[in-house]
Every structure is written in C-alpha cells, then in structure tokens.
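Source file: model10.cif (mmCIF, C-alpha atoms (C1' of nucleotides))
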```
data_target
loop_
_atom_site.label_atom_id
_atom_site.label_comp_id
_atom_site.auth_asym_id
_atom_site.auth_seq_id
_atom_site.Cartn_x
_atom_site.Cartn_y
_atom_site.Cartn_z
CA MET A 67 -3.58 -5.63 -45.00
CA GLN A 68 -6.56 -7.73 -44.20
CA ASP A 69 -8.89 -9.89 -46.20
CA PRO A 70 -10.58 -7.96 -48.98
CA CYS A 71 -13.56 -10.30 -48.79
CA GLN A 72 -14.58 -8.66 -45.55
CA ALA A 73 -14.59 -5.34 -47.25
CA ARG A 74 -16.94 -6.88 -49.80
CA GLU A 75 -19.49 -7.80 -47.19
CA VAL A 76 -19.46 -4.40 -45.57
CA LEU A 77 -20.07 -2.77 -48.92
CA GLY A 78 -23.33 -4.65 -48.88
CA ILE A 79 -24.35 -2.42 -46.00
CA VAL A 80 -22.41 0.74 -46.64
CA GLY A 81 -22.84 0.69 -50.37
CA ASP A 82 -26.57 0.71 -50.00
CA LYS A 83 -28.12 3.81 -51.47
CA TRP A 84 -29.98 4.76 -48.30
CA ALA A 85 -28.47 2.87 -45.36
CA LEU A 86 -25.80 5.36 -44.33
CA LEU A 87 -28.20 8.24 -44.65
CA ILE A 88 -30.56 6.56 -42.23
CA VAL A 89 -27.75 5.79 -39.82
CA ARG A 90 -26.75 9.39 -39.92
CA MET A 91 -30.25 10.68 -39.27
CA LEU A 92 -30.45 8.55 -36.15
CA LYS A 93 -27.20 9.70 -34.64
CA ASP A 94 -28.88 12.15 -32.25
CA GLY A 95 -31.54 9.76 -31.01
CA PRO A 96 -34.53 7.72 -32.11
CA LEU A 97 -36.83 8.85 -34.89
CA ARG A 98 -40.20 7.64 -36.08
CA PHE A 99 -40.96 6.23 -39.49
CA THR A 100 -42.61 9.35 -40.79
CA GLU A 101 -39.90 11.58 -39.40
CA LEU A 102 -37.30 9.58 -41.28
CA LYS A 103 -39.37 9.67 -44.42
CA ARG A 104 -39.59 13.44 -44.24
CA ALA A 105 -35.91 13.86 -43.35
CA ILE A 106 -34.53 11.75 -46.18
CA ASP A 107 -35.43 13.52 -49.33
CA GLY A 108 -36.53 11.33 -52.19
CA ILE A 109 -36.81 8.00 -50.43
CA SER A 110 -39.93 6.02 -51.19
CA GLN A 111 -42.01 4.42 -48.49
CA ARG A 112 -41.06 1.04 -49.80
CA MET A 113 -37.32 1.65 -49.74
CA LEU A 114 -37.46 3.15 -46.27
CA THR A 115 -39.26 0.06 -45.00
CA VAL A 116 -36.91 -2.33 -46.77
CA THR A 117 -33.75 -0.54 -45.68
CA LEU A 118 -34.89 -0.24 -42.08
CA ARG A 119 -35.67 -3.95 -42.08
CA ASP A 120 -32.21 -4.77 -43.38
CA LEU A 121 -30.51 -2.57 -40.81
CA GLU A 122 -32.59 -4.11 -38.05
CA ARG A 123 -31.66 -7.55 -39.27
CA ASP A 124 -27.98 -6.63 -39.25
CA GLY A 125 -28.20 -5.37 -35.68
CA ILE A 126 -27.51 -1.76 -36.64
CA LEU A 127 -30.75 -0.39 -35.26
CA THR A 128 -33.76 -1.43 -33.23
CA ARG A 129 -37.44 -1.14 -34.07
CA THR A 130 -39.82 -0.37 -31.23
CA VAL A 131 -43.57 -0.44 -31.62
CA ARG A 132 -45.80 1.47 -29.25
CA ASN A 133 -49.35 0.19 -29.41
CA VAL A 134 -51.28 3.38 -29.12
CA MET A 135 -53.60 5.16 -31.44
CA PRO A 136 -52.26 6.31 -33.76
CA PRO A 137 -49.51 3.62 -34.01
CA HIS A 138 -46.05 4.77 -33.10
CA VAL A 139 -42.88 3.05 -34.30
CA SER A 140 -39.48 4.39 -33.42
CA TYR A 141 -36.06 3.44 -34.72
CA GLU A 142 -32.86 3.82 -32.75
CA LEU A 143 -29.23 2.93 -33.32
CA THR A 144 -27.83 0.01 -31.37
CA THR A 145 -24.40 0.21 -29.79
CA MET A 146 -23.00 -1.39 -32.92
CA GLY A 147 -24.93 1.08 -35.03
CA ARG A 148 -23.31 3.95 -33.22
CA THR A 149 -19.84 2.51 -33.80
CA LEU A 150 -20.66 2.16 -37.48
CA ARG A 151 -21.68 5.75 -37.62
CA GLU A 152 -18.39 6.75 -35.95
CA ALA A 153 -16.44 4.65 -38.44
CA THR A 154 -18.07 6.45 -41.34
CA ALA A 155 -17.44 9.92 -39.91
CA PRO A 156 -14.01 10.30 -41.57
CA LEU A 157 -15.55 9.41 -44.88
CA LEU A 158 -18.14 12.11 -44.44
CA GLU A 159 -15.41 14.57 -43.52
CA TRP A 160 -13.56 13.57 -46.63
CA SER A 161 -16.61 14.05 -48.79
CA ILE A 162 -17.21 17.55 -47.54
CA THR A 163 -13.66 18.68 -48.16
CA HIS A 164 -13.14 16.88 -51.46
CA LEU A 165 -16.40 17.09 -53.34
CA PRO A 166 -15.42 20.37 -54.96
CA HIS A 167 -12.22 18.71 -56.20
CA ILE A 168 -14.18 15.80 -57.59
CA ASP A 169 -16.56 18.09 -59.41
CA ALA A 170 -13.60 19.99 -60.82
CA ALA A 171 -11.90 16.77 -61.91
CA ARG A 172 -15.09 15.65 -63.62
CA ALA A 173 -15.53 18.92 -65.41
CA ALA A 174 -11.94 18.82 -66.62
CA TYR A 175 -12.30 15.22 -67.76
CA ASP A 176 -15.55 15.87 -69.59
CA HIS A 177 -14.15 18.97 -71.21
CA ARG A 178 -12.05 16.79 -73.51
CA MET B 233 -24.41 18.17 -38.55
CA GLN B 234 -23.48 18.83 -42.13
CA ASP B 235 -25.38 18.69 -45.35
CA PRO B 236 -26.67 15.20 -46.05
CA CYS B 237 -26.68 15.91 -49.76
CA GLN B 238 -22.91 15.73 -49.80
CA ALA B 239 -23.05 12.32 -48.25
CA ARG B 240 -25.34 11.35 -51.11
CA GLU B 241 -22.80 12.24 -53.73
CA VAL B 242 -20.00 10.39 -52.03
CA LEU B 243 -22.14 7.28 -51.86
CA GLY B 244 -22.06 7.37 -55.61
CA ILE B 245 -18.38 6.59 -55.37
CA VAL B 246 -18.14 4.65 -52.17
CA GLY B 247 -21.33 2.72 -52.68
CA ASP B 248 -20.06 1.37 -55.94
CA LYS B 249 -19.65 -2.36 -55.84
CA TRP B 250 -16.04 -2.32 -57.00
CA ALA B 251 -14.63 1.17 -56.52
CA LEU B 252 -13.33 0.84 -52.98
CA LEU B 253 -11.83 -2.54 -53.71
CA ILE B 254 -9.84 -1.04 -56.56
CA VAL B 255 -8.74 1.87 -54.41
CA ARG B 256 -7.56 -0.57 -51.82
CA MET B 257 -5.60 -2.69 -54.27
CA LEU B 258 -3.71 0.40 -55.41
CA LYS B 259 -2.69 1.55 -51.99
CA ASP B 260 0.83 0.11 -52.25
CA GLY B 261 1.56 1.48 -55.69
CA PRO B 262 0.47 1.31 -59.31
CA LEU B 263 -0.94 -1.84 -60.86
CA ARG B 264 -1.69 -2.85 -64.41
CA PHE B 265 -5.08 -3.71 -65.83
CA THR B 266 -4.52 -7.45 -65.80
CA GLU B 267 -3.00 -7.39 -62.34
CA LEU B 268 -6.12 -5.67 -61.03
CA LYS B 269 -8.32 -8.12 -62.84
CA ARG B 270 -6.55 -11.02 -61.25
CA ALA B 271 -6.48 -9.42 -57.81
CA ILE B 272 -10.17 -8.58 -57.63
CA ASP B 273 -11.97 -11.83 -57.61
CA GLY B 274 -15.12 -11.97 -59.67
CA ILE B 275 -14.89 -8.66 -61.48
CA SER B 276 -15.61 -8.79 -65.19
CA GLN B 277 -13.41 -7.11 -67.74
CA ARG B 278 -16.19 -4.74 -68.55
CA MET B 279 -16.82 -3.63 -64.97
CA LEU B 280 -13.13 -3.17 -64.32
CA THR B 281 -12.86 -0.91 -67.35
CA VAL B 282 -15.98 1.05 -66.45
CA THR B 283 -15.06 1.49 -62.80
CA LEU B 284 -11.50 2.53 -63.59
CA ARG B 285 -12.85 5.09 -66.04
CA ASP B 286 -15.17 6.52 -63.40
CA LEU B 287 -12.41 6.75 -60.82
CA GLU B 288 -10.13 8.42 -63.33
CA ARG B 289 -12.87 10.88 -64.16
CA ASP B 290 -13.35 11.68 -60.49
CA GLY B 291 -9.66 12.33 -60.02
CA ILE B 292 -9.16 9.35 -57.72
CA LEU B 293 -6.59 7.63 -59.90
CA THR B 294 -4.51 8.20 -63.01
CA ARG B 295 -4.24 6.07 -66.11
CA THR B 296 -0.85 5.88 -67.79
CA VAL B 297 -0.28 4.22 -71.15
CA ARG B 298 3.15 3.00 -72.14
CA ASN B 299 3.35 2.45 -75.86
CA VAL B 300 5.38 -0.67 -76.03
CA MET B 301 4.64 -4.13 -77.26
CA PRO B 302 2.74 -5.58 -75.58
CA PRO B 303 0.76 -2.53 -74.44
CA HIS B 304 1.20 -1.56 -70.84
CA VAL B 305 -1.34 0.51 -68.91
CA SER B 306 -0.86 1.25 -65.25
CA TYR B 307 -3.23 2.76 -62.73
CA GLU B 308 -2.13 4.72 -59.71
CA LEU B 309 -3.88 6.62 -56.94
CA THR B 310 -3.73 10.37 -57.06
CA THR B 311 -3.09 12.39 -53.92
CA MET B 312 -6.83 12.68 -53.51
CA GLY B 313 -7.19 8.97 -54.06
CA ARG B 314 -4.81 8.28 -51.23
CA THR B 315 -6.75 10.54 -48.88
CA LEU B 316 -9.94 8.73 -49.84
CA ARG B 317 -8.31 5.45 -49.02
CA GLU B 318 -7.25 6.81 -45.64
CA ALA B 319 -10.77 8.06 -44.96
CA THR B 320 -12.17 4.61 -45.58
CA ALA B 321 -9.66 2.85 -43.36
CA PRO B 322 -11.76 3.17 -40.16
CA LEU B 323 -14.67 1.65 -42.01
CA LEU B 324 -12.54 -1.31 -43.00
CA GLU B 325 -11.39 -1.65 -39.41
CA TRP B 326 -14.97 -1.61 -38.30
CA SER B 327 -15.95 -4.24 -40.79
CA ILE B 328 -13.28 -6.62 -39.65
CA THR B 329 -14.20 -6.34 -36.00
CA HIS B 330 -17.96 -6.30 -36.44
CA LEU B 331 -18.74 -8.71 -39.24
CA PRO B 332 -19.05 -11.62 -36.82
CA HIS B 333 -21.59 -9.59 -34.82
CA ILE B 334 -23.54 -8.81 -37.95
CA ASP B 335 -23.63 -12.43 -38.99
CA ALA B 336 -24.80 -13.35 -35.50
CA ALA B 337 -27.49 -10.67 -35.56
CA ARG B 338 -28.70 -11.93 -38.92
CA ALA B 339 -28.82 -15.50 -37.77
CA ALA B 340 -30.80 -14.50 -34.69
CA TYR B 341 -33.17 -12.41 -36.77
CA ASP B 342 -33.73 -15.12 -39.34
CA HIS B 343 -34.24 -17.73 -36.64
CA ARG B 344 -37.64 -16.24 -35.86
"C1'" DC C 72 -49.51 5.89 -38.76
"C1'" DC C 73 -47.01 2.31 -40.58
"C1'" DG C 74 -46.67 -0.59 -43.15
"C1'" DT C 75 -47.43 -4.82 -47.24
"C1'" DA C 76 -48.38 -6.35 -52.12
"C1'" DT C 77 -48.13 -5.97 -56.82
"C1'" DC C 78 -46.62 -4.38 -60.99
"C1'" DC C 79 -43.32 -2.69 -64.11
"C1'" DA C 80 -39.68 0.44 -66.12
"C1'" DC C 81 -35.06 0.94 -65.74
"C1'" DC C 82 -30.40 0.10 -64.77
"C1'" DT C 83 -26.73 -2.61 -63.84
"C1'" DT C 84 -23.91 -6.24 -64.97
"C1'" DG C 85 -21.98 -10.56 -66.98
"C1'" DA C 86 -21.17 -13.15 -71.21
"C1'" DT C 87 -19.45 -13.15 -75.45
"C1'" DA C 88 -17.23 -11.72 -79.42
"C1'" DC C 89 -14.21 -8.68 -81.63
"C1'" DT C 90 -10.03 -4.91 -82.20
"C1'" DG C 91 -5.41 -2.04 -82.19
"C1'" DC D 297 -2.42 -6.61 -73.30
"C1'" DA D 298 -6.07 -3.73 -72.78
"C1'" DG D 299 -9.66 -2.61 -74.12
"C1'" DT D 300 -14.78 -1.79 -77.01
"C1'" DA D 301 -19.48 -3.44 -78.67
"C1'" DT D 302 -23.53 -5.75 -78.20
"C1'" DC D 303 -27.06 -8.20 -75.99
"C1'" DA D 304 -29.85 -10.36 -72.72
"C1'" DA D 305 -31.05 -11.47 -67.73
"C1'" DG D 306 -31.65 -10.20 -63.29
"C1'" DG D 307 -32.01 -7.07 -59.75
"C1'" DT D 308 -33.48 -2.45 -57.96
"C1'" DG D 309 -36.52 0.72 -56.90
"C1'" DG D 310 -40.65 3.84 -57.77
"C1'" DA D 311 -45.76 4.14 -58.18
"C1'" DT D 312 -49.83 2.70 -56.68
"C1'" DA D 313 -53.27 0.56 -54.10
"C1'" DC D 314 -54.65 -1.59 -50.11
"C1'" DG D 315 -54.63 -3.38 -44.83
"C1'" DG D 316 -54.20 -3.48 -39.49
#
```
If you convert what's in this file into structure tokens, what do you get?
Amino acid sequence: MQDPCQAREVLGIVGDKWALLIVRMLKDGPLRFTELKRAIDGISQRMLTVTLRDLERDGILTRTVRNVMPPHVSYELTTMGRTLREATAPLLEWSITHLPHIDAARAAYDHR
Amino acid sequence: MQDPCQAREVLGIVGDKWALLIVRMLKDGPLRFTELKRAIDGISQRMLTVTLRDLERDGILTRTVRNVMPPHVSYELTTMGRTLREATAPLLEWSITHLPHIDAARAAYDHR
DNA sequence: CCGTATCCACCTTGATACTG
DNA sequence: CAGTATCAAGGTGGATACGG
C-alpha cells in the first residue's frame, strides 16, 4: 500500500465540508455563483466564495467572468475536477447503500 | 443524480481528519491502540480515542478488550468497514496520481 | 450579481495530568 | 496498556455590512 501521507493531503480537499458537494453540483456542466448558492442548502456566501477559491487554486475547477450587466461568473470542472468526481462516485454509492446501516448501528450503540 | 443530503452525512465520517487513516491502517487485520497510535503520525491520544469511539458507534469497526495484564484492546474493521475502505480506494488512487498536478496548480495560482 | 471585510461565537484539538 | 478529565488556543464558519 502506498504512502499514507498522500492520503492526508487529499483529505484536505475531500474532507472539506463543502468541496465535494460543489464538485458534485458541477458534474453536469457549469453553474453560476447564485445557482450554486441556491443548490447547496445551508452554505453561506462566505464559505461558497472561500471553497470555490480553494478549488480553483487546486485546479479542480475554473472561474470565468463575463463582463456584462449584471455580472456573470460561471464555475466549471476542469479535466482533473471531473476525474476527482469520478473517483468519489464509489464513495457516494457506498453512502447511499450503507447510511441506513450506520444509523442503525448508531441507534444500537446509543441504546446502551 | 441522487440525494445530496446523503453525501452530507457521509462527509461526517469521511471528512474527519483521522477516520479514513484509521480505516486504512486496519485493512490488513486488527491492531491495538498503541500500534495505531504509533502508525498514525501526529495523532494525539485523545483524538485516537475519540475517533475510534465514533467509528465503533457507526459500525465501521469493533473494539475487543482482552482482560489480561497488561490490558489488551484490539480494533478490527467490520464487514461494513471493509466495504467503506474499498469504496475509498479509487479516491486514494486518484490522490496518488493527481497530487503532483494539484501542487503544480497551486504553485501557478500563487505565483500571480 | 458577485463578491470582500470584519467581527465573534463555537468547535475542534493538543497538552497535560491522572486512573484501573 | 489504554484510556479519561480538564483546560486553553487556534481555527472554522456564520452574520452582517459594505463595494465594484
């Protein structure tokens, strides 16, 4: 098995509270700031901005400004961003099939 | 596309700073508390305890106490824990192949 | 519309000391 | 050996107000 330290670094991206949710929202094409804000329930304007900036910095997505009135900024996955999204697909699958088990396990544990 | 809310819940596990590292360490069989502590560089005794408790509660691993002197507690993945570990494998793969790209993207971004 | 700036409450976490 | 208890520091993130 490979170097655990690499896993550490990736957790910095994947472990982020919002990052994977944003990546997922963009899987079908670019979205604008406000569209993302509406789509991701509970995210604050600040955290959306910060997280988008981080993902742009990491080369996961691109930020494109159209200078019209009103301003128009769209975010789109890069090639690398799309591969990340594919790599997280099994995990999403897993979550959907196992969350009931987890909830059950928690209930059983807490029952004692 | 499935319910994003489920992804949210899983991030509670996966997004944890230490959880996935522990799951990975256990992939080849049970380990004891001290062995885990040694293996996972930088984790404090407190966080190891807390994270193990959470994972046990979620049904990801089991905690087994052997009442000998000195005390002997071993942790082992459950069946569900092993499937989680398999689901995260592609993500680990991705991290290993793409971390150089990410570092490069960051350097380029910061250069401006 | 798409941010940035500031403030602050909260949570997480490490350090340290102590126990069966 | 394998924890628990306590505390304090730092980071995280929400609310709010403002700017291009």
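Atom CA of Val116 of chain A lies 18.1 Å from atom C1' of DC314 of chain D.
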Shortest contact to Thr144 of chain A, candidates A:Ile109, A:Val131, A:Ala173, A:Val89, atoms counted all atoms listed in the file, goes to A:Val89
Pull out every residue of chain C sitting within 12 Å of chain A, counting only C-alpha atoms (C1' of nucleotides), and send them as a list in words.
DC72, DC73, DG74, DT75 and DA76 of chain C
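Candidate residues A:Leu86, A:Leu97, A:Ala105, A:Val80 were compared for distance to Arg129 of chain A, and the nearest is A:Leu97, using all atoms listed in the file.
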Hey, which bits of segment 313-338 of chain B sit within 12 Å of segment 154-170 of chain A, and for each residue what's the closest pair of atoms and how far apart in Å (one decimal), counting all atoms listed in the file, rows by chain and increasing number, as a Markdown table?
```
| residue | atom | partner | partner_atom | distance |
| --- | --- | --- | --- | --- |
| B:Gly313 | CA | A:His164 | CA | 10.2 |
| B:Arg314 | CA | A:Trp160 | CA | 11.2 |
| B:Thr315 | CA | A:Trp160 | CA | 7.8 |
| B:Leu316 | CA | A:Trp160 | CA | 6.8 |
| B:Arg317 | CA | A:Leu157 | CA | 9.2 |
| B:Glu318 | CA | A:Pro156 | CA | 8.6 |
| B:Ala319 | CA | A:Leu157 | CA | 5.0 |
| B:Thr320 | CA | A:Leu157 | CA | 5.9 |
| B:Ala321 | CA | A:Pro156 | CA | 8.8 |
| B:Pro322 | CA | A:Thr154 | CA | 7.2 |
| B:Leu323 | CA | A:Thr154 | CA | 5.9 |
| B:Leu324 | CA | A:Thr154 | CA | 9.7 |
| B:Glu325 | CA | A:Thr154 | CA | 10.7 |
| B:Trp326 | CA | A:Thr154 | CA | 9.2 |
| B:Ser327 | CA | A:Thr154 | CA | 10.9 |
```
Take the residues from that selection and put them in a file with C-alpha atoms, as a PDB file, in the coordinates of the input.
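Done, and the output landed in selection_3.pdb:
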```pdb
ATOM      1  CA  GLY B 313      -7.190   8.970 -54.060  1.00  0.00           C
ATOM      2  CA  ARG B 314      -4.810   8.280 -51.230  1.00  0.00           C
ATOM      3  CA  THR B 315      -6.750  10.540 -48.880  1.00  0.00           C
ATOM      4  CA  LEU B 316      -9.940   8.730 -49.840  1.00  0.00           C
ATOM      5  CA  ARG B 317      -8.310   5.450 -49.020  1.00  0.00           C
ATOM      6  CA  GLU B 318      -7.250   6.810 -45.640  1.00  0.00           C
ATOM      7  CA  ALA B 319     -10.770   8.060 -44.960  1.00  0.00           C
ATOM      8  CA  THR B 320     -12.170   4.610 -45.580  1.00  0.00           C
ATOM      9  CA  ALA B 321      -9.660   2.850 -43.360  1.00  0.00           C
ATOM     10  CA  PRO B 322     -11.760   3.170 -40.160  1.00  0.00           C
ATOM     11  CA  LEU B 323     -14.670   1.650 -42.010  1.00  0.00           C
ATOM     12  CA  LEU B 324     -12.540  -1.310 -43.000  1.00  0.00           C
ATOM     13  CA  GLU B 325     -11.390  -1.650 -39.410  1.00  0.00           C
ATOM     14  CA  TRP B 326     -14.970  -1.610 -38.300  1.00  0.00           C
ATOM     15  CA  SER B 327     -15.950  -4.240 -40.790  1.00  0.00           C
TER      16      SER B 327
END
```
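Within the file as shown, the PyMOL selection byres ((chain D) within 10 of (chain B)) identifies DC297, DA298, DG299 and DT300 of chain D.
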Given the file above and the PyMOL selection byres ((chain A and resi 124) around 7), which residues are selected, and can you give them as a ChimeraX atom specification?
/A:120-123,125-126 /B:334,337-338
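Residues selected in this file by the PyMOL selection byres ((chain C and resi 79-89) around 10) comprise Ile275, Ser276, Gln277, Arg278 and Met279 of chain B; DT77, DC78 and DT90 of chain C; DT300, DA301, DT302, DC303, DA304, DA305, DG306, DG307, DT308, DG309, DG310 and DA311 of chain D.
One finds atom CA of Thr296 of chain B at 16.6 Å from atom CA of Lys269 of chain B.
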